[in-house]
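**Q** Structure in structure tokens, see below.
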Amino acid sequence: MTHADAIELFITCLLVSLPTFAWVFAGALLARMGWLSDQLNDRISRLSFRYGLPLMLFAGAAGVDYSNLLDATYLLAGVLGTLLVVTTSWLYSIWRGHPHRERGIFVQGAYRSNLAIMGLALCISAYGQEGARLAALAVAVMTSLYNVLVVFVLNSTLGGTSSPQAALLGVLRNPLIIGIAAGVALSLSGLPIPAIVEPAGVWLSKLFLPLMLICIGGAMKLGELRNSGALAWESTVWRLLVAPALVVGLAMLLGVRGAPLGVLFLLVGAPAAASGYIMVVAARGNGVLAANIVVLTTLFSALSLTLGLFLLSLLSLVGQIGG
């Protein structure tokens, strides 16, 4: 590959991540200017989470041919990789001597990415509707796993009251999971899929994903970064560098290549999930630490995702990107 080819490839990778993060920073700017209040942000987020994103994921899941899931290995890699990240980050936290009540917050920040919004937006930007279809299944499987694991991770260090049964019930009631399950059921039923489903999914993604990304930016509290300690920075390094490296490395050992590997990287390399902050506060943990992890990972993931995707593309491991 020539120098010019490498520059062109880097620009392509930059164009994958730049639009997604531009919406996030636009949200932060709107909030700073007072045009996006917390109340309006909350209403838009709830509308998108309960209706827009589930319908979009339904459309993506309905368009998958489940009779020949040759690329299902990437799902297994995502599950095993997540368990590997939780285990290794927990052992690392013990080795580093982190305070017991902050260990669960660190581990949650290390493994729990914002795959349903940030990750999904990046997958669509990189691979178009193929990315949406591949990501729909991964979002269902890994979101379920994330929500179950967080109960054990936070309960063991913060003494929360949620039980595994409550976590499972929460997974079953999750609008995103319901939307994906309905799409899978329609595809497996043998019934003809209405022609409007695929274009509707495209339209919904163009409407609701930018709205959700703006809300993520509007919810960031940049002023709290002054109180960021070493633990927040360590969790950020794990979220953006260590965790994606572990999951992608495991996926490659399992033979995953092409678009499935690229989708998996973009999902697990996304910044920390904002819902993690809510759970920490509900459990009366260190909310400032949890919020700082979300903000730091959101700010620096634009760089880490662009460079990571560029490196994987340079090695011809993630197929043709650019939608």
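Within each chain, counting starts at residue 1; across the structure tokens, chains are named A, B, ... in the order shown, with ligands numbered 1 upward in that order.
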Leaving out region 127-130 of chain A and any residue of its chain fewer than 5 positions from it, which residues lie within 9 Å of it when counting only C-alpha atoms, given as an NGL selection string?
**A** :A and (60 or 122 or 135 or 198 or 201-202 or 259 or 262-263 or 320-323)
**Q** Give me a file of those residues, with N, CA, C and O atoms, as a compact mmCIF listing (two decimals), in the first residue's frame.
**A**
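What follows is the written file part-v6.txt:
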```
# COMPACT_ATOMS: atom_id res chain seq x y z
N GLY A 60 -34.08 -4.23 11.18
CA GLY A 60 -32.80 -4.87 10.91
C GLY A 60 -32.84 -6.36 11.16
O GLY A 60 -32.35 -7.16 10.35
N LEU A 122 -22.25 3.76 14.56
CA LEU A 122 -20.96 3.56 13.90
C LEU A 122 -21.02 2.40 12.90
O LEU A 122 -20.44 2.49 11.82
N ALA A 135 -25.31 -5.87 13.43
CA ALA A 135 -25.31 -5.28 14.77
C ALA A 135 -26.58 -5.61 15.54
O ALA A 135 -26.54 -5.70 16.78
N GLU A 198 -37.65 -2.62 5.21
CA GLU A 198 -36.25 -2.19 5.05
C GLU A 198 -36.12 -0.69 4.87
O GLU A 198 -35.31 -0.05 5.57
N GLY A 201 -36.66 1.02 8.13
CA GLY A 201 -35.50 0.92 9.02
C GLY A 201 -34.45 1.96 8.69
O GLY A 201 -33.85 2.56 9.59
N VAL A 202 -34.23 2.20 7.41
CA VAL A 202 -33.26 3.22 6.99
C VAL A 202 -33.73 4.60 7.44
O VAL A 202 -32.95 5.40 7.99
N ALA A 259 -16.66 -7.94 7.62
CA ALA A 259 -17.62 -7.03 8.25
C ALA A 259 -18.01 -7.46 9.66
O ALA A 259 -18.15 -6.60 10.54
N GLY A 262 -15.42 -6.12 11.93
CA GLY A 262 -15.51 -4.68 12.02
C GLY A 262 -16.68 -4.22 12.88
O GLY A 262 -16.54 -3.31 13.69
N VAL A 263 -17.82 -4.88 12.72
CA VAL A 263 -19.00 -4.55 13.53
C VAL A 263 -18.72 -4.83 15.00
O VAL A 263 -19.06 -4.02 15.88
N GLN A 320 -14.66 -4.11 3.38
CA GLN A 320 -14.79 -2.78 2.78
C GLN A 320 -15.66 -1.90 3.66
O GLN A 320 -16.82 -2.23 3.93
N ILE A 321 -15.14 -0.79 4.11
CA ILE A 321 -15.91 0.13 4.95
C ILE A 321 -16.30 1.36 4.14
O ILE A 321 -15.81 1.57 3.02
N GLY A 322 -17.21 2.13 4.69
CA GLY A 322 -17.66 3.34 4.03
C GLY A 322 -19.09 3.27 3.56
O GLY A 322 -19.54 4.08 2.75
N GLY A 323 -19.91 2.29 4.14
CA GLY A 323 -21.33 2.19 3.78
C GLY A 323 -21.53 1.62 2.42
O GLY A 323 -22.60 1.60 1.88
```
**Q** So which residues touch Ala185 (chain A) within 12 Å, counting only C-alpha atoms, skipping near sequence neighbours fewer than 4 positions away, as a ChimeraX atom specification?
**A** /A:58-59,61-66,178-181,189-191,193
**Q** Take CA of Gly249 (chain A) and CA of Leu261 (chain A) and report the distance between them in Å, one decimal.
**A**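 That distance, rounded to one decimal, is 10.0 Å.
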**Q** Neighbours of Leu15 (chain A) within 10 Å (only C-alpha atoms; same-chain residues fewer than 3 positions away dropped), as a PDB file with N, CA, C and O atoms, in the first residue's frame?
**A**
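The resulting file, result_37.pdb, is reproduced below:
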```
ATOM      1  N   LEU A   9      -7.280   5.735   3.048  1.00  0.00           N
ATOM      2  CA  LEU A   9      -7.933   4.790   3.955  1.00  0.00           C
ATOM      3  C   LEU A   9      -8.210   5.443   5.302  1.00  0.00           C
ATOM      4  O   LEU A   9      -9.290   5.250   5.891  1.00  0.00           O
ATOM      5  N   PHE A  10      -7.266   6.228   5.798  1.00  0.00           N
ATOM      6  CA  PHE A  10      -7.472   6.909   7.079  1.00  0.00           C
ATOM      7  C   PHE A  10      -8.624   7.900   6.988  1.00  0.00           C
ATOM      8  O   PHE A  10      -9.440   8.009   7.910  1.00  0.00           O
ATOM      9  N   ILE A  11      -8.704   8.624   5.877  1.00  0.00           N
ATOM     10  CA  ILE A  11      -9.809   9.576   5.693  1.00  0.00           C
ATOM     11  C   ILE A  11     -11.141   8.842   5.667  1.00  0.00           C
ATOM     12  O   ILE A  11     -12.144   9.310   6.229  1.00  0.00           O
ATOM     13  N   THR A  12     -11.175   7.665   5.026  1.00  0.00           N
ATOM     14  CA  THR A  12     -12.394   6.855   5.003  1.00  0.00           C
ATOM     15  C   THR A  12     -12.809   6.463   6.414  1.00  0.00           C
ATOM     16  O   THR A  12     -13.989   6.545   6.775  1.00  0.00           O
ATOM     17  N   LEU A  18     -16.521  10.400  12.308  1.00  0.00           N
ATOM     18  CA  LEU A  18     -16.760  11.838  12.454  1.00  0.00           C
ATOM     19  C   LEU A  18     -18.240  12.209  12.512  1.00  0.00           C
ATOM     20  O   LEU A  18     -18.644  12.976  13.396  1.00  0.00           O
ATOM     21  N   PRO A  19     -19.098  11.700  11.600  1.00  0.00           N
ATOM     22  CA  PRO A  19     -20.515  12.087  11.680  1.00  0.00           C
ATOM     23  C   PRO A  19     -21.173  11.705  13.000  1.00  0.00           C
ATOM     24  O   PRO A  19     -21.986  12.461  13.544  1.00  0.00           O
ATOM     25  N   THR A  20     -20.842  10.522  13.512  1.00  0.00           N
ATOM     26  CA  THR A  20     -21.430  10.066  14.771  1.00  0.00           C
ATOM     27  C   THR A  20     -21.068  11.000  15.916  1.00  0.00           C
ATOM     28  O   THR A  20     -21.929  11.450  16.679  1.00  0.00           O
ATOM     29  N   SER A 125     -22.773   3.587   9.835  1.00  0.00           N
ATOM     30  CA  SER A 125     -21.902   4.507   9.114  1.00  0.00           C
ATOM     31  C   SER A 125     -20.813   3.755   8.350  1.00  0.00           C
ATOM     32  O   SER A 125     -20.442   4.132   7.230  1.00  0.00           O
ATOM     33  N   ALA A 126     -20.327   2.662   8.926  1.00  0.00           N
ATOM     34  CA  ALA A 126     -19.224   1.914   8.308  1.00  0.00           C
ATOM     35  C   ALA A 126     -19.691   0.938   7.251  1.00  0.00           C
ATOM     36  O   ALA A 126     -19.047   0.783   6.199  1.00  0.00           O
ATOM     37  N   THR A 306     -11.383   5.671  15.505  1.00  0.00           N
ATOM     38  CA  THR A 306     -10.855   5.995  14.178  1.00  0.00           C
ATOM     39  C   THR A 306      -9.528   5.294  13.929  1.00  0.00           C
ATOM     40  O   THR A 306      -9.323   4.666  12.878  1.00  0.00           O
ATOM     41  N   GLY A 322     -17.212   2.127   4.691  1.00  0.00           N
ATOM     42  CA  GLY A 322     -17.657   3.338   4.034  1.00  0.00           C
ATOM     43  C   GLY A 322     -19.089   3.272   3.559  1.00  0.00           C
ATOM     44  O   GLY A 322     -19.541   4.079   2.755  1.00  0.00           O
TER      45      GLY A 322
END
```
**Q** Using only C-alpha atoms, determine which residues lie at most 12 Å from Ala22 (chain A), disregarding the query and same-chain residues fewer than 5 positions distant; provide the list as a PyMOL selection string.
**A** chain A and resi 14-17+27-29+118+121-122+210-211+213-214+216-217+298-299+302
**Q** Take the residues that were just selected and, keeping C-alpha atoms, output them as a JSON list (two decimals), in the first residue's frame.
**A**
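Written output follows (result_1.json):
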```json
[["chain", "number", "residue", "atom", "x", "y", "z"],
["A", 14, "LEU", "CA", -12.38, 9.25, 9.84],
["A", 15, "LEU", "CA", -15.56, 9.73, 7.81],
["A", 16, "VAL", "CA", -17.05, 6.70, 9.57],
["A", 17, "SER", "CA", -16.54, 8.08, 13.08],
["A", 27, "GLY", "CA", -25.70, 18.06, 21.64],
["A", 28, "ALA", "CA", -23.10, 19.25, 24.12],
["A", 29, "LEU", "CA", -23.01, 22.64, 22.38],
["A", 118, "MET", "CA", -23.13, 4.80, 19.64],
["A", 121, "ALA", "CA", -24.61, 4.32, 14.66],
["A", 122, "LEU", "CA", -20.96, 3.56, 13.90],
["A", 210, "PRO", "CA", -28.94, 11.46, 15.49],
["A", 211, "LEU", "CA", -31.54, 12.41, 18.11],
["A", 213, "LEU", "CA", -26.54, 11.02, 19.87],
["A", 214, "ILE", "CA", -27.52, 14.64, 20.48],
["A", 216, "ILE", "CA", -25.87, 11.82, 24.82],
["A", 217, "GLY", "CA", -23.92, 15.02, 24.15],
["A", 298, "THR", "CA", -17.09, 9.61, 24.93],
["A", 299, "LEU", "CA", -14.52, 12.35, 24.31],
["A", 302, "ALA", "CA", -13.57, 9.43, 18.56]]
```
**Q** Name the residues in contact with Gly78 (chain A) at a cut-off of 8 Å, using only C-alpha atoms, excluding same-chain residues fewer than 5 positions from it; report them as a list in words.
**A**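 Near neighbours after the sequence-gap exclusion: Ala138, Met142, Val247, Ala251 and Leu264 of chain A.
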**Q** Could you tell me how far CA of Pro260 (chain A) lies from CA of Leu317 (chain A), in Å and to one decimal?
**A**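 Rounded to one decimal, the two atoms are 9.9 Å apart.
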**Q** What's the 12 Å shell around region 46-48 of chain A, counting only C-alpha atoms, without same-chain residues fewer than 2 positions away, as JSON, numbers by chain?
**A** {"A": [39, 40, 41, 42, 43, 44, 50, 51, 52, 53, 54, 55, 56, 57, 116, 117, 175, 176, 204, 205, 207, 208, 209, 210, 211, 212, 213, 214, 215]}
**Q** Give the helix (DSSP H, G or I) residues of region 244-279 of chain A, as DSSP finds them on the backbone, and put them as JSON, numbers by chain.
**A** {"A": [244, 245, 246, 247, 248, 249, 250, 251, 252, 253, 259, 260, 261, 262, 263, 264, 265, 266, 267, 268, 274, 275, 276, 277, 278, 279]}
**Q** Could those selected residues go to a file with N, CA and C atoms, as an mmCIF file, in the first residue's frame?
**A**
```cif
data_model
loop_
_atom_site.group_PDB
_atom_site.id
_atom_site.type_symbol
_atom_site.label_atom_id
_atom_site.label_comp_id
_atom_site.auth_asym_id
_atom_site.auth_seq_id
_atom_site.Cartn_x
_atom_site.Cartn_y
_atom_site.Cartn_z
ATOM 1 N N PRO A 244 -11.465 -3.571 23.756
ATOM 2 C CA PRO A 244 -11.558 -3.896 22.326
ATOM 3 C C PRO A 244 -10.437 -4.822 21.850
ATOM 4 N N ALA A 245 -9.222 -4.617 22.391
ATOM 5 C CA ALA A 245 -8.109 -5.475 21.989
ATOM 6 C C ALA A 245 -8.348 -6.920 22.407
ATOM 7 N N LEU A 246 -8.872 -7.137 23.613
ATOM 8 C CA LEU A 246 -9.144 -8.493 24.085
ATOM 9 C C LEU A 246 -10.243 -9.157 23.261
ATOM 10 N N VAL A 247 -11.330 -8.430 23.011
ATOM 11 C CA VAL A 247 -12.462 -9.020 22.282
ATOM 12 C C VAL A 247 -12.095 -9.285 20.825
ATOM 13 N N VAL A 248 -11.464 -8.323 20.182
ATOM 14 C CA VAL A 248 -11.075 -8.501 18.775
ATOM 15 C C VAL A 248 -10.018 -9.598 18.638
ATOM 16 N N GLY A 249 -9.082 -9.627 19.564
ATOM 17 C CA GLY A 249 -8.071 -10.691 19.535
ATOM 18 C C GLY A 249 -8.697 -12.063 19.664
ATOM 19 N N LEU A 250 -9.643 -12.207 20.567
ATOM 20 C CA LEU A 250 -10.337 -13.487 20.733
ATOM 21 C C LEU A 250 -11.138 -13.827 19.476
ATOM 22 N N ALA A 251 -11.810 -12.828 18.903
ATOM 23 C CA ALA A 251 -12.588 -13.057 17.683
ATOM 24 C C ALA A 251 -11.700 -13.531 16.540
ATOM 25 N N MET A 252 -10.530 -12.950 16.425
ATOM 26 C CA MET A 252 -9.604 -13.367 15.365
ATOM 27 C C MET A 252 -9.118 -14.798 15.576
ATOM 28 N N LEU A 253 -8.894 -15.163 16.842
ATOM 29 C CA LEU A 253 -8.507 -16.545 17.136
ATOM 30 C C LEU A 253 -9.611 -17.531 16.752
ATOM 31 N N ALA A 259 -16.659 -7.938 7.617
ATOM 32 C CA ALA A 259 -17.623 -7.035 8.247
ATOM 33 C C ALA A 259 -18.015 -7.464 9.663
ATOM 34 N N PRO A 260 -18.211 -8.775 9.942
ATOM 35 C CA PRO A 260 -18.541 -9.159 11.323
ATOM 36 C C PRO A 260 -17.486 -8.720 12.335
ATOM 37 N N LEU A 261 -16.203 -8.799 11.962
ATOM 38 C CA LEU A 261 -15.143 -8.360 12.873
ATOM 39 C C LEU A 261 -15.185 -6.846 13.034
ATOM 40 N N GLY A 262 -15.424 -6.122 11.934
ATOM 41 C CA GLY A 262 -15.515 -4.677 12.019
ATOM 42 C C GLY A 262 -16.675 -4.224 12.879
ATOM 43 N N VAL A 263 -17.825 -4.878 12.722
ATOM 44 C CA VAL A 263 -18.999 -4.551 13.528
ATOM 45 C C VAL A 263 -18.723 -4.827 15.002
ATOM 46 N N LEU A 264 -18.107 -5.958 15.284
ATOM 47 C CA LEU A 264 -17.800 -6.305 16.670
ATOM 48 C C LEU A 264 -16.857 -5.285 17.288
ATOM 49 N N PHE A 265 -15.849 -4.858 16.541
ATOM 50 C CA PHE A 265 -14.922 -3.847 17.059
ATOM 51 C C PHE A 265 -15.644 -2.545 17.365
ATOM 52 N N LEU A 266 -16.495 -2.090 16.453
ATOM 53 C CA LEU A 266 -17.189 -0.816 16.659
ATOM 54 C C LEU A 266 -18.152 -0.886 17.838
ATOM 55 N N LEU A 267 -18.753 -2.054 18.064
ATOM 56 C CA LEU A 267 -19.675 -2.204 19.192
ATOM 57 C C LEU A 267 -18.923 -2.208 20.516
ATOM 58 N N VAL A 268 -17.863 -3.001 20.608
ATOM 59 C CA VAL A 268 -17.145 -3.110 21.896
ATOM 60 C C VAL A 268 -16.183 -1.958 22.114
ATOM 61 N N ALA A 274 -24.159 5.322 29.158
ATOM 62 C CA ALA A 274 -24.644 6.315 30.119
ATOM 63 C C ALA A 274 -25.545 5.684 31.174
ATOM 64 N N SER A 275 -26.196 4.580 30.832
ATOM 65 C CA SER A 275 -27.067 3.902 31.803
ATOM 66 C C SER A 275 -26.277 3.372 32.991
ATOM 67 N N GLY A 276 -24.974 3.158 32.798
ATOM 68 C CA GLY A 276 -24.138 2.711 33.902
ATOM 69 C C GLY A 276 -24.081 3.738 35.017
ATOM 70 N N TYR A 277 -24.063 5.014 34.656
ATOM 71 C CA TYR A 277 -24.071 6.095 35.656
ATOM 72 C C TYR A 277 -25.361 6.052 36.474
ATOM 73 N N ILE A 278 -26.482 5.836 35.791
ATOM 74 C CA ILE A 278 -27.779 5.793 36.472
ATOM 75 C C ILE A 278 -27.815 4.661 37.486
ATOM 76 N N MET A 279 -27.282 3.492 37.114
ATOM 77 C CA MET A 279 -27.296 2.340 38.020
ATOM 78 C C MET A 279 -26.402 2.573 39.225
#
```
**Q** Restricting the calculation to only C-alpha atoms: of A:Arg101, A:Val79, A:Phe25, A:Leu231, which residue gets closest to Gly159 (chain A)?
**A** A:Arg101
**Q** Select, from A:Val86, A:Leu240, A:Ala270, A:Ala77, the residue with the minimum atom-to-atom distance to Leu115 (chain A), counting only C-alpha atoms.
**A**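 Nearest candidate to Leu115 (chain A) out of A:Val86, A:Leu240, A:Ala270, A:Ala77: A:Ala270.
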**Q** What does the distance between CA of Ile7 (chain A) and CA of Leu309 (chain A) come to in Å, to one decimal place?
**A** 13.4 Å
**Q** Considering only C-alpha atoms, state which residue in the set A:Gly119, A:Gly104, A:Gly287, A:Pro199 is at the smallest distance from Ser156 (chain A).
**A**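 Using only C-alpha atoms, Ser156 (chain A) sits closest to A:Gly104.
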